[in-house]
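Raw input.cif, mmCIF, C-alpha atoms:
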```cif
data_final
#
loop_
_atom_site.label_atom_id
_atom_site.label_comp_id
_atom_site.auth_asym_id
_atom_site.auth_seq_id
_atom_site.Cartn_x
_atom_site.Cartn_y
_atom_site.Cartn_z
CA MET A 1 0.00 0.00 0.00
CA PRO A 2 1.67 3.29 -1.08
CA VAL A 3 2.13 6.02 1.49
CA PRO A 4 0.18 9.11 0.30
CA LEU A 5 2.13 12.31 -0.16
CA GLU A 6 1.03 14.75 2.55
CA ALA A 7 1.23 18.54 2.40
CA SER A 8 2.52 18.48 5.98
CA ALA A 9 5.64 16.79 4.58
CA ASN A 10 6.52 19.74 2.34
CA PRO A 11 10.14 20.74 3.05
CA PRO A 12 10.55 24.07 4.89
CA THR A 13 11.08 27.09 2.68
CA ASN A 14 14.75 27.23 3.64
CA ALA A 15 15.34 23.58 2.75
CA PRO A 16 17.81 22.75 -0.03
CA LEU A 17 16.44 23.20 -3.53
CA MET A 18 16.87 19.48 -4.18
CA ASP A 19 14.41 18.56 -1.43
CA ARG A 20 11.82 21.11 -2.52
CA PHE A 21 12.24 20.13 -6.15
CA ARG A 22 11.76 16.42 -5.44
CA THR A 23 8.59 17.11 -3.44
CA GLY A 24 7.33 19.54 -6.07
CA TYR A 25 7.82 16.97 -8.81
CA ARG A 26 5.77 14.45 -6.86
CA TRP A 27 2.90 16.92 -6.43
CA MET A 28 3.04 17.63 -10.16
CA LEU A 29 2.97 13.91 -10.90
CA LEU A 30 0.03 13.29 -8.58
CA ALA A 31 -1.95 16.15 -10.11
CA ARG A 32 -1.21 15.07 -13.70
CA MET A 33 -2.08 11.42 -13.12
CA THR A 34 -5.19 12.29 -11.10
CA GLU A 35 -6.49 14.50 -13.88
CA GLU A 36 -5.73 11.86 -16.49
CA LYS A 37 -7.90 9.48 -14.46
CA ILE A 38 -10.63 12.12 -14.13
CA ALA A 39 -10.60 12.65 -17.90
CA SER A 40 -10.92 8.90 -18.42
CA LEU A 41 -13.88 8.70 -16.01
CA TYR A 42 -15.48 11.65 -17.80
CA ARG A 43 -15.18 9.97 -21.20
CA THR A 44 -16.79 6.80 -19.84
CA GLY A 45 -19.76 8.70 -18.42
CA LYS A 46 -18.80 8.41 -14.75
CA ILE A 47 -18.44 12.20 -14.38
CA VAL A 48 -20.93 14.83 -15.52
CA GLY A 49 -20.33 18.55 -15.97
CA GLY A 50 -17.17 20.23 -17.15
CA VAL A 51 -13.69 18.79 -16.78
CA PHE A 52 -10.82 21.29 -17.06
CA LEU A 53 -7.28 19.99 -16.91
CA GLY A 54 -4.12 21.74 -15.75
CA LYS A 55 -1.79 19.88 -18.11
CA GLY A 56 1.20 22.15 -18.69
CA GLN A 57 0.51 24.32 -15.64
CA GLU A 58 1.44 21.93 -12.84
CA ALA A 59 4.83 23.50 -12.06
CA LEU A 60 3.30 26.91 -11.41
CA SER A 61 0.33 25.48 -9.54
CA THR A 62 2.51 23.28 -7.33
CA ALA A 63 4.73 26.23 -6.43
CA VAL A 64 1.67 28.23 -5.35
CA GLY A 65 0.56 25.52 -2.94
CA MET A 66 4.05 24.92 -1.58
CA SER A 67 4.64 28.64 -0.91
CA LEU A 68 1.79 28.74 1.61
CA ARG A 69 1.68 27.68 5.26
CA LYS A 70 -1.03 26.34 7.51
CA GLY A 71 -3.28 29.26 8.39
CA ASP A 72 -2.87 30.90 4.98
CA TYR A 73 -5.64 30.98 2.35
CA LEU A 74 -5.70 29.59 -1.16
CA ALA A 75 -8.27 30.63 -3.77
CA PRO A 76 -7.61 28.15 -6.61
CA LEU A 77 -9.00 28.06 -10.14
CA ILE A 78 -10.02 25.31 -12.51
CA ARG A 79 -6.44 24.32 -13.40
CA ASP A 80 -5.02 24.34 -9.88
CA GLN A 81 -5.30 20.70 -8.92
CA ALA A 82 -1.61 20.69 -8.03
CA ALA A 83 -1.89 23.77 -5.79
CA ARG A 84 -4.85 22.26 -3.99
CA MET A 85 -2.97 19.05 -3.28
CA ALA A 86 0.28 20.75 -2.29
CA PHE A 87 -1.68 22.94 0.14
CA GLY A 88 -3.40 19.95 1.71
CA GLU A 89 -6.56 18.98 -0.19
CA PRO A 90 -7.00 15.19 0.11
CA LEU A 91 -7.23 13.18 -3.08
CA LEU A 92 -10.57 11.82 -1.88
CA ASP A 93 -12.01 15.36 -1.71
CA THR A 94 -11.15 15.76 -5.39
CA LEU A 95 -12.60 12.47 -6.53
CA ARG A 96 -15.70 12.64 -4.35
CA THR A 97 -16.55 16.05 -5.77
CA TYR A 98 -16.07 14.99 -9.38
CA MET A 99 -18.07 11.81 -8.83
CA GLY A 100 -20.85 13.73 -7.09
CA VAL A 101 -21.06 11.53 -4.00
CA ARG A 102 -22.56 12.91 -0.81
CA SER A 103 -19.44 12.24 1.28
CA GLY A 104 -17.47 14.93 -0.58
CA PRO A 105 -16.88 18.45 0.74
CA MET A 106 -19.79 19.82 -1.34
CA ARG A 107 -22.02 16.80 -0.58
CA GLY A 108 -22.77 16.18 -4.23
CA ARG A 109 -23.95 19.74 -4.93
CA ASP A 110 -22.87 22.70 -7.03
CA GLY A 111 -20.98 21.04 -9.89
CA ASN A 112 -17.57 19.48 -9.71
CA ILE A 113 -15.15 22.43 -9.66
CA HIS A 114 -16.55 24.68 -6.92
CA ARG A 115 -15.22 22.63 -4.04
CA GLY A 116 -13.46 24.04 -1.02
CA ARG A 117 -13.05 23.90 2.73
CA PRO A 118 -12.87 27.50 4.00
CA SER A 119 -12.22 26.40 7.57
CA GLU A 120 -9.03 24.77 6.29
CA GLY A 121 -8.00 27.70 4.12
CA VAL A 122 -9.29 26.61 0.71
CA LEU A 123 -11.95 28.88 -0.77
CA ALA A 124 -14.56 27.32 -3.01
CA MET A 125 -14.16 28.75 -6.49
CA ILE A 126 -16.91 31.17 -7.53
CA SER A 127 -15.62 31.86 -11.02
CA HIS A 128 -12.28 31.85 -12.78
CA LEU A 129 -13.05 35.28 -14.32
CA GLY A 130 -11.51 37.44 -11.61
CA ALA A 131 -14.07 36.84 -8.87
CA MET A 132 -11.63 35.17 -6.49
CA VAL A 133 -9.38 38.26 -6.27
CA PRO A 134 -11.93 40.40 -4.36
CA ALA A 135 -13.14 37.33 -2.44
CA LEU A 136 -9.64 36.67 -1.15
CA ALA A 137 -9.14 40.38 -0.44
CA GLY A 138 -12.24 40.18 1.77
CA VAL A 139 -10.81 37.23 3.69
CA LEU A 140 -7.55 39.09 4.30
CA MET A 141 -9.43 42.22 5.39
CA ALA A 142 -11.39 40.07 7.84
CA HIS A 143 -8.11 38.71 9.23
CA ARG A 144 -6.93 42.27 9.76
CA PHE A 145 -10.14 43.24 11.57
CA GLN A 146 -9.83 40.15 13.78
CA GLY A 147 -6.21 40.83 14.61
CA ILE A 148 -4.95 37.68 12.87
CA GLN A 149 -1.35 38.26 11.82
CA ASN A 150 1.33 36.58 9.73
CA THR A 151 -1.10 34.98 7.29
CA ILE A 152 -1.23 35.56 3.56
CA GLY A 153 -3.48 34.55 0.71
CA ALA A 154 -2.78 33.41 -2.84
CA THR A 155 -5.11 33.24 -5.79
CA CYS A 156 -4.62 32.31 -9.41
CA ILE A 157 -6.05 33.71 -12.60
CA GLY A 158 -5.55 33.31 -16.33
CA ASP A 159 -4.36 35.92 -18.77
CA GLY A 160 -7.93 36.51 -19.95
CA GLY A 161 -9.15 37.07 -16.40
CA THR A 162 -6.84 40.06 -16.01
CA SER A 163 -9.17 41.96 -18.36
CA THR A 164 -12.17 41.65 -16.05
CA GLY A 165 -13.58 44.28 -13.74
CA ALA A 166 -13.42 41.98 -10.72
CA PHE A 167 -9.68 41.52 -11.20
CA HIS A 168 -9.13 45.29 -11.32
CA GLU A 169 -11.41 46.11 -8.40
CA GLY A 170 -10.03 43.36 -6.18
CA LEU A 171 -6.39 44.08 -6.93
CA ASN A 172 -6.89 47.83 -6.59
CA LEU A 173 -8.45 47.34 -3.15
CA ALA A 174 -5.65 44.99 -2.13
CA ALA A 175 -3.06 47.53 -3.28
CA VAL A 176 -4.68 50.45 -1.45
CA GLU A 177 -5.00 48.40 1.75
CA ARG A 178 -1.56 46.81 1.36
CA LEU A 179 -3.03 43.36 1.83
CA PRO A 180 -0.69 40.35 2.06
CA MET A 181 -1.93 38.81 -1.18
CA VAL A 182 -0.17 36.98 -4.00
CA VAL A 183 -2.01 37.09 -7.34
CA VAL A 184 -0.63 34.53 -9.77
CA VAL A 185 -1.32 34.94 -13.48
CA ALA A 186 -0.92 31.83 -15.59
CA ASN A 187 -0.39 33.37 -19.02
CA ASN A 188 -1.19 30.33 -21.11
CA GLN A 189 -1.42 32.50 -24.22
CA TYR A 190 -5.18 32.11 -24.74
CA ALA A 191 -8.33 33.33 -22.99
CA TYR A 192 -10.23 30.23 -24.03
CA SER A 193 -9.62 30.72 -27.79
CA THR A 194 -8.63 34.41 -27.81
CA PRO A 195 -4.86 34.91 -28.22
CA ASN A 196 -2.82 37.42 -26.22
CA THR A 197 -2.63 39.73 -29.23
CA ARG A 198 -6.38 40.30 -28.99
CA GLN A 199 -6.43 40.68 -25.19
CA PHE A 200 -3.94 43.37 -24.22
CA VAL A 201 -1.37 45.71 -25.77
CA CYS A 202 1.17 46.03 -22.96
CA ASN A 203 4.44 44.24 -23.62
CA ASP A 204 3.99 41.92 -20.65
CA LEU A 205 1.19 41.40 -18.15
CA VAL A 206 3.68 41.93 -15.32
CA ASP A 207 3.77 45.59 -16.40
CA LYS A 208 0.29 45.94 -14.90
CA ALA A 209 1.84 45.79 -11.44
CA LEU A 210 3.22 49.30 -11.96
CA GLY A 211 -0.28 50.70 -12.43
CA TYR A 212 -1.35 49.37 -9.05
CA GLY A 213 1.85 50.40 -7.28
CA ILE A 214 2.71 46.84 -6.31
CA ASP A 215 5.60 44.44 -6.87
CA GLY A 216 5.65 42.42 -10.08
CA HIS A 217 7.52 39.16 -10.67
CA SER A 218 8.04 37.06 -13.80
CA ALA A 219 8.48 33.29 -13.83
CA ASP A 220 9.09 30.61 -16.41
CA GLY A 221 5.91 28.59 -16.00
CA THR A 222 7.48 25.52 -17.61
CA CYS A 223 10.35 25.40 -15.09
CA LEU A 224 9.62 24.06 -11.61
CA GLN A 225 12.75 25.66 -10.14
CA SER A 226 11.81 29.09 -11.48
CA CYS A 227 8.27 28.75 -10.16
CA LEU A 228 9.40 27.59 -6.71
CA GLU A 229 11.89 30.43 -6.34
CA VAL A 230 9.64 33.22 -7.65
CA LEU A 231 6.54 32.12 -5.73
CA GLN A 232 8.47 31.78 -2.49
CA LEU A 233 9.97 35.25 -2.97
CA ALA A 234 6.50 36.71 -3.60
CA ALA A 235 4.99 34.90 -0.59
CA ASP A 236 7.82 36.04 1.68
CA ARG A 237 7.44 39.67 0.57
CA ALA A 238 3.68 39.59 1.08
CA ARG A 239 4.15 38.09 4.54
CA SER A 240 6.76 40.66 5.55
CA GLY A 241 4.52 43.66 4.87
CA HIS A 242 5.33 44.58 1.27
CA GLY A 243 1.70 44.42 0.15
CA PRO A 244 0.24 42.56 -2.82
CA GLN A 245 2.54 40.72 -5.18
CA LEU A 246 1.72 40.04 -8.83
CA VAL A 247 3.38 36.98 -10.36
CA VAL A 248 3.10 36.36 -14.10
CA ALA A 249 4.24 33.02 -15.50
CA SER A 250 4.46 32.23 -19.19
CA LEU A 251 3.45 28.76 -20.32
CA LEU A 252 1.06 27.00 -22.68
CA ARG A 253 -2.06 25.03 -21.86
CA LEU A 254 -1.23 21.61 -23.35
CA THR A 255 -4.84 20.65 -23.84
CA GLY A 256 -8.13 22.24 -24.82
CA HIS A 257 -9.95 24.68 -22.56
CA GLY A 258 -11.87 21.67 -21.25
CA GLU A 259 -12.41 18.07 -22.23
CA HIS A 260 -15.19 19.31 -24.51
CA ASP A 261 -12.69 21.39 -26.52
CA ASP A 262 -10.00 20.08 -28.88
CA GLY A 263 -7.87 23.22 -28.72
CA SER A 264 -7.58 23.36 -32.52
CA TYR A 265 -7.27 27.17 -32.37
CA ILE A 266 -3.87 26.97 -30.61
CA ASP A 267 -1.08 27.97 -32.99
CA PRO A 268 0.94 24.77 -33.58
CA LEU A 269 4.13 26.85 -33.78
CA LEU A 270 3.65 27.82 -30.12
CA ARG A 271 4.05 24.19 -29.12
CA LYS A 272 7.59 24.28 -30.55
CA THR A 273 8.62 27.36 -28.57
CA PRO A 274 9.88 27.44 -24.95
CA VAL A 275 6.39 28.18 -23.58
CA GLY A 276 5.12 24.97 -25.19
CA ARG A 277 7.37 22.67 -23.20
CA ASP A 278 5.87 20.09 -20.83
CA CYS A 279 6.80 21.17 -17.30
CA LEU A 280 6.49 17.63 -15.92
CA LYS A 281 8.89 16.21 -18.49
CA LEU A 282 11.34 19.06 -17.90
CA ALA A 283 11.22 18.52 -14.15
CA GLU A 284 11.95 14.82 -14.57
CA GLU A 285 14.88 15.57 -16.86
CA LYS A 286 16.30 18.00 -14.28
CA LEU A 287 15.97 15.43 -11.50
CA LEU A 288 18.00 12.94 -13.51
CA ALA A 289 20.53 15.45 -14.85
CA ASN A 290 21.34 16.73 -11.33
CA SER A 291 21.27 13.24 -9.78
CA TRP A 292 18.47 14.39 -7.49
CA ALA A 293 16.59 11.18 -8.22
CA THR A 294 17.35 7.88 -9.91
CA PRO A 295 15.32 6.30 -12.71
CA ALA A 296 14.27 3.60 -10.23
CA GLU A 297 12.95 6.20 -7.76
CA ILE A 298 10.95 7.98 -10.46
CA ALA A 299 9.50 4.69 -11.65
CA LEU A 300 8.51 3.86 -8.07
CA TRP A 301 6.83 7.27 -7.65
CA HIS A 302 4.83 6.62 -10.81
CA SER A 303 3.65 3.19 -9.68
CA GLU A 304 2.84 4.34 -6.13
CA THR A 305 0.92 7.35 -7.43
CA GLN A 306 -1.07 5.20 -9.84
CA GLN A 307 -1.97 2.78 -7.07
CA GLN A 308 -2.99 5.60 -4.71
CA ILE A 309 -5.32 7.00 -7.37
CA GLU A 310 -6.85 3.64 -8.24
CA ASP A 311 -7.44 2.84 -4.56
CA SER A 312 -9.13 6.22 -4.03
CA VAL A 313 -11.32 5.80 -7.11
CA ALA A 314 -12.40 2.38 -5.86
CA VAL A 315 -13.40 3.90 -2.51
CA THR A 316 -15.35 6.71 -4.19
CA LEU A 317 -17.23 4.39 -6.55
CA ARG A 318 -18.63 2.51 -3.54
CA GLU A 319 -20.01 5.64 -1.87
CA PRO A 320 -23.64 6.77 -2.25
CA LEU A 321 -24.94 9.63 -4.36
CA PRO A 322 -27.29 12.20 -2.78
CA ASP A 323 -30.87 10.95 -2.54
CA PRO A 324 -33.19 13.71 -3.84
CA ALA A 325 -36.10 12.25 -1.89
CA HIS A 326 -34.37 12.58 1.46
CA GLU A 327 -31.62 15.17 1.02
CA ASP A 328 -31.99 18.44 2.89
CA TRP A 329 -31.01 21.02 0.28
CA CYS A 330 -30.91 23.98 2.65
CA ALA A 331 -28.12 26.52 2.27
CA LEU A 332 -24.82 25.75 3.95
CA SER A 333 -25.25 28.86 6.11
CA ASN A 334 -27.89 27.02 8.14
CA ARG A 335 -26.46 26.02 11.48
CA HIS A 336 -27.02 22.26 11.14
CA LEU A 337 -25.26 22.26 7.78
CA ALA A 338 -22.43 24.63 8.68
CA GLU A 339 -19.00 23.39 7.80
CA GLY A 340 -17.49 21.29 10.53
#
```
Step by step, read the file and then write its structure as structure tokens.
Amino acid sequence: MPVPLEASANPPTNAPLMDRFRTGYRWMLLARMTEEKIASLYRTGKIVGGVFLGKGQEALSTAVGMSLRKGDYLAPLIRDQAARMAFGEPLLDTLRTYMGVRSGPMRGRDGNIHRGRPSEGVLAMISHLGAMVPALAGVLMAHRFQGIQNTIGATCIGDGGTSTGAFHEGLNLAAVERLPMVVVVANNQYAYSTPNTRQFVCNDLVDKALGYGIDGHSADGTCLQSCLEVLQLAADRARSGHGPQLVVASLLRLTGHGEHDDGSYIDPLLRKTPVGRDCLKLAEEKLLANSWATPAEIALWHSETQQQIEDSVAVTLREPLPDPAHEDWCALSNRHLAEG
């Protein structure tokens, strides 16, 4: 029986790069293989609703989750499976939500991507179109009012989401209030099917940080080392009182917008450029090149991860769906349904 990777086992931020890189690779691997299984279940009719994969964005997403501590807040988006896991979301929470069983965190309600456990620091996603920026700003303002110190929040958004009013309003508020927030932009070159050239005219999205008077950071979204270093720097600066941090990472979504979309609009030449590289493959190559892992270790991680996923799927498939005849569909704000 494989031992599940636990977020509590993340190396400390001052640990050697090798240790953080090895752990980061394993989170990337778990996220990639989990989503491959989810896509397979979707194609066989076991999952209904939308399925949106983070293939190609796992290095950035993993670094977001690993940059946070217990007590911090994460507001993930549809492609942040890796961040969720690295921050502590159990694999069973993921699968139970996608399969719609009543034992999941959303009890079989509200689609399969809006899951969260606010009491444990994971906000349920409202929308990926900027809405989580003001939502997270509100959480951090509440912490300030309550006298809670030394906590930060991180949220992710796509390049297209930076054009929304919610993004502007939330980030402007965070900047004015000097909130300890990290906003991570995954510039995957397309807002669904709209290329960067039709979205904005600034040279780089990181230039937007200047307009808000906040720090801006650039990362290579295909390189796990770059993502780990830049996200940790941004998190440390937010935690030490430097206000909001904007991180922009360049990469390419290596799949369609969702499993319903073939991604045929993506310029094939982009796949041959540096942004089109597969971050998981690059991370594995770096592990081997630096002798940070052996081929046997990597093979073992693959087999253990596959077994962990299959075991979790088997558990989920045995669990009951909500019964419409007996389910109490009252809002979660009601006391007897309140989280925890």
Please return, as a PDB file with C-alpha atoms, in the coordinates of the input, all polymer residues that have at least one atom within 12 Å of the point (15.7, 27.7, 0.0); use all atoms listed in the file and the file's own coordinate frame.
```pdb
ATOM      1  CA  PRO A  11      10.140  20.740   3.050  1.00  0.00           C
ATOM      2  CA  PRO A  12      10.550  24.070   4.890  1.00  0.00           C
ATOM      3  CA  THR A  13      11.080  27.090   2.680  1.00  0.00           C
ATOM      4  CA  ASN A  14      14.750  27.230   3.640  1.00  0.00           C
ATOM      5  CA  ALA A  15      15.340  23.580   2.750  1.00  0.00           C
ATOM      6  CA  PRO A  16      17.810  22.750  -0.030  1.00  0.00           C
ATOM      7  CA  LEU A  17      16.440  23.200  -3.530  1.00  0.00           C
ATOM      8  CA  MET A  18      16.870  19.480  -4.180  1.00  0.00           C
ATOM      9  CA  ASP A  19      14.410  18.560  -1.430  1.00  0.00           C
ATOM     10  CA  ARG A  20      11.820  21.110  -2.520  1.00  0.00           C
ATOM     11  CA  PHE A  21      12.240  20.130  -6.150  1.00  0.00           C
ATOM     12  CA  SER A  67       4.640  28.640  -0.910  1.00  0.00           C
ATOM     13  CA  GLN A 225      12.750  25.660 -10.140  1.00  0.00           C
ATOM     14  CA  LEU A 228       9.400  27.590  -6.710  1.00  0.00           C
ATOM     15  CA  GLU A 229      11.890  30.430  -6.340  1.00  0.00           C
ATOM     16  CA  VAL A 230       9.640  33.220  -7.650  1.00  0.00           C
ATOM     17  CA  LEU A 231       6.540  32.120  -5.730  1.00  0.00           C
ATOM     18  CA  GLN A 232       8.470  31.780  -2.490  1.00  0.00           C
ATOM     19  CA  LEU A 233       9.970  35.250  -2.970  1.00  0.00           C
ATOM     20  CA  ASP A 236       7.820  36.040   1.680  1.00  0.00           C
TER      21      ASP A 236
END
```
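Taking atom CA of A:Met141 and atom CA of A:Leu179 as endpoints, the distance between them is 7.4 Å.
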message = Residue by residue, what does the PyMOL selection byres ((chain A and resi 87) around 7) grab here? Present the result as a PyMOL selection string.
response = chain A and resi 7+65-66+68+83-86+88-89
Would you mind exporting C-alpha atoms of the selected residues as a tab-separated table (two decimals), in the coordinates of the input?
```tsv
chain	number	residue	atom	x	y	z
A	7	ALA	CA	1.23	18.54	2.40
A	65	GLY	CA	0.56	25.52	-2.94
A	66	MET	CA	4.05	24.92	-1.58
A	68	LEU	CA	1.79	28.74	1.61
A	83	ALA	CA	-1.89	23.77	-5.79
A	84	ARG	CA	-4.85	22.26	-3.99
A	85	MET	CA	-2.97	19.05	-3.28
A	86	ALA	CA	0.28	20.75	-2.29
A	88	GLY	CA	-3.40	19.95	1.71
A	89	GLU	CA	-6.56	18.98	-0.19
```
Would you mind reading off the distance between atom CA of A:Glu297 and atom CA of A:Glu285, one decimal, in Å?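 Computed distance, atom CA of A:Glu297 to atom CA of A:Glu285, equals 13.2 Å.
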Selection dump of the PyMOL selection byres ((chain A and resi 100) around 10), as a ChimeraX atom specification: /A:46-48,95-99,101-112,316,319-322
Specify as a list in words each residue included when the PyMOL selection byres ((chain A and resi 82) around 9) is applied to this file. Trp27, Met28, Leu29, Leu30, Ala31, Arg32, Gly54, Gln57, Glu58, Ala59, Leu60, Ser61, Thr62, Ala63, Val64, Gly65, Arg79, Asp80, Gln81, Ala83, Arg84, Met85, Ala86 and Phe87 of chain A
*Select, counting all atoms listed in the file, all protein, DNA and RNA residues no farther than 12 Å from (8.6, 28.0, -27.6) in file coordinates, and express the selection as a VMD selection string.*
chain A and resid 188 to 189 220 to 222 250 to 252 267 to 278
ask   = What separation in Å, quoted to one decimal, exists between atom CA of A:Cys223 and atom CA of A:Leu287?
value =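 These two atoms are separated by 12.0 Å.
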Write out, as CSV, each residue of stretch 117-231 of chain A that has an atom at most 10 Å from stretch 241-249 of chain A, together with the closest pair of atoms and their distance in Å to one decimal, counting only C-alpha atoms, rows going by chain and rising number.
```
residue,atom,partner,partner_atom,distance
A:Ala137,CA,A:Pro244,CA,9.9
A:Asn150,CA,A:Gly241,CA,9.2
A:Ile152,CA,A:Pro244,CA,9.6
A:Gly153,CA,A:Pro244,CA,9.5
A:Ala154,CA,A:Gln245,CA,9.3
A:Cys156,CA,A:Val247,CA,9.3
A:Ile157,CA,A:Val248,CA,9.6
A:Gly158,CA,A:Val248,CA,9.4
A:Asp159,CA,A:Val248,CA,8.8
A:Leu171,CA,A:Pro244,CA,7.9
A:Asn172,CA,A:Pro244,CA,9.6
A:Leu173,CA,A:Pro244,CA,9.9
A:Ala174,CA,A:Pro244,CA,6.4
A:Ala175,CA,A:Pro244,CA,6.0
A:Val176,CA,A:Gly243,CA,8.9
A:Glu177,CA,A:Gly243,CA,8.0
A:Arg178,CA,A:Gly243,CA,4.2
A:Leu179,CA,A:Gly243,CA,5.1
A:Pro180,CA,A:Gly243,CA,5.1
A:Met181,CA,A:Pro244,CA,4.6
A:Val182,CA,A:Gln245,CA,4.8
A:Val183,CA,A:Leu246,CA,5.0
A:Val184,CA,A:Val247,CA,4.7
A:Val185,CA,A:Val248,CA,4.7
A:Ala186,CA,A:Ala249,CA,5.3
A:Asn187,CA,A:Ala249,CA,5.8
A:Asn188,CA,A:Ala249,CA,8.3
A:Asp204,CA,A:Val248,CA,8.6
A:Leu205,CA,A:Val248,CA,6.7
A:Val206,CA,A:Val248,CA,5.7
A:Asp207,CA,A:Val248,CA,9.5
A:Lys208,CA,A:Leu246,CA,8.6
A:Ala209,CA,A:Leu246,CA,6.3
A:Leu210,CA,A:Leu246,CA,9.9
A:Tyr212,CA,A:Pro244,CA,9.4
A:Gly213,CA,A:Pro244,CA,9.2
A:Ile214,CA,A:Pro244,CA,6.0
A:Asp215,CA,A:Gln245,CA,5.1
A:Gly216,CA,A:Leu246,CA,4.8
A:His217,CA,A:Val247,CA,4.7
A:Ser218,CA,A:Val248,CA,5.0
A:Ala219,CA,A:Ala249,CA,4.6
A:Asp220,CA,A:Ala249,CA,5.5
A:Gly221,CA,A:Ala249,CA,4.8
A:Thr222,CA,A:Ala249,CA,8.4
A:Cys223,CA,A:Ala249,CA,9.8
A:Ser226,CA,A:Ala249,CA,9.4
A:Cys227,CA,A:Ala249,CA,7.9
A:Val230,CA,A:Val247,CA,7.8
A:Leu231,CA,A:Val247,CA,7.4
```
Completion of stretch 16-27 of chain A up to N, CA and C atoms, as a JSON list (two decimals), in the coordinates of the input:
```json
[["chain", "number", "residue", "atom", "x", "y", "z"],
["A", 16, "PRO", "N", 17.07, 22.76, 1.24],
["A", 16, "PRO", "CA", 17.81, 22.75, -0.03],
["A", 16, "PRO", "C", 16.87, 22.62, -1.22],
["A", 17, "LEU", "N", 17.25, 23.24, -2.33],
["A", 17, "LEU", "CA", 16.44, 23.20, -3.53],
["A", 17, "LEU", "C", 16.12, 21.76, -3.94],
["A", 18, "MET", "N", 17.09, 20.87, -3.78],
["A", 18, "MET", "CA", 16.87, 19.48, -4.18],
["A", 18, "MET", "C", 15.65, 18.89, -3.48],
["A", 19, "ASP", "N", 15.53, 19.13, -2.18],
["A", 19, "ASP", "CA", 14.41, 18.56, -1.43],
["A", 19, "ASP", "C", 13.08, 19.15, -1.88],
["A", 20, "ARG", "N", 13.05, 20.47, -2.08],
["A", 20, "ARG", "CA", 11.82, 21.11, -2.52],
["A", 20, "ARG", "C", 11.46, 20.69, -3.94],
["A", 21, "PHE", "N", 12.47, 20.52, -4.77],
["A", 21, "PHE", "CA", 12.24, 20.13, -6.15],
["A", 21, "PHE", "C", 11.68, 18.71, -6.21],
["A", 22, "ARG", "N", 12.25, 17.80, -5.45],
["A", 22, "ARG", "CA", 11.76, 16.42, -5.44],
["A", 22, "ARG", "C", 10.30, 16.37, -4.99],
["A", 23, "THR", "N", 9.98, 17.09, -3.92],
["A", 23, "THR", "CA", 8.59, 17.11, -3.44],
["A", 23, "THR", "C", 7.68, 17.77, -4.47],
["A", 24, "GLY", "N", 8.14, 18.87, -5.06],
["A", 24, "GLY", "CA", 7.33, 19.54, -6.07],
["A", 24, "GLY", "C", 7.04, 18.64, -7.26],
["A", 25, "TYR", "N", 8.03, 17.90, -7.69],
["A", 25, "TYR", "CA", 7.82, 16.97, -8.81],
["A", 25, "TYR", "C", 6.74, 15.94, -8.46],
["A", 26, "ARG", "N", 6.76, 15.45, -7.25],
["A", 26, "ARG", "CA", 5.77, 14.45, -6.86],
["A", 26, "ARG", "C", 4.36, 15.03, -6.82],
["A", 27, "TRP", "N", 4.22, 16.29, -6.38],
["A", 27, "TRP", "CA", 2.90, 16.92, -6.43],
["A", 27, "TRP", "C", 2.45, 17.09, -7.88]]
```
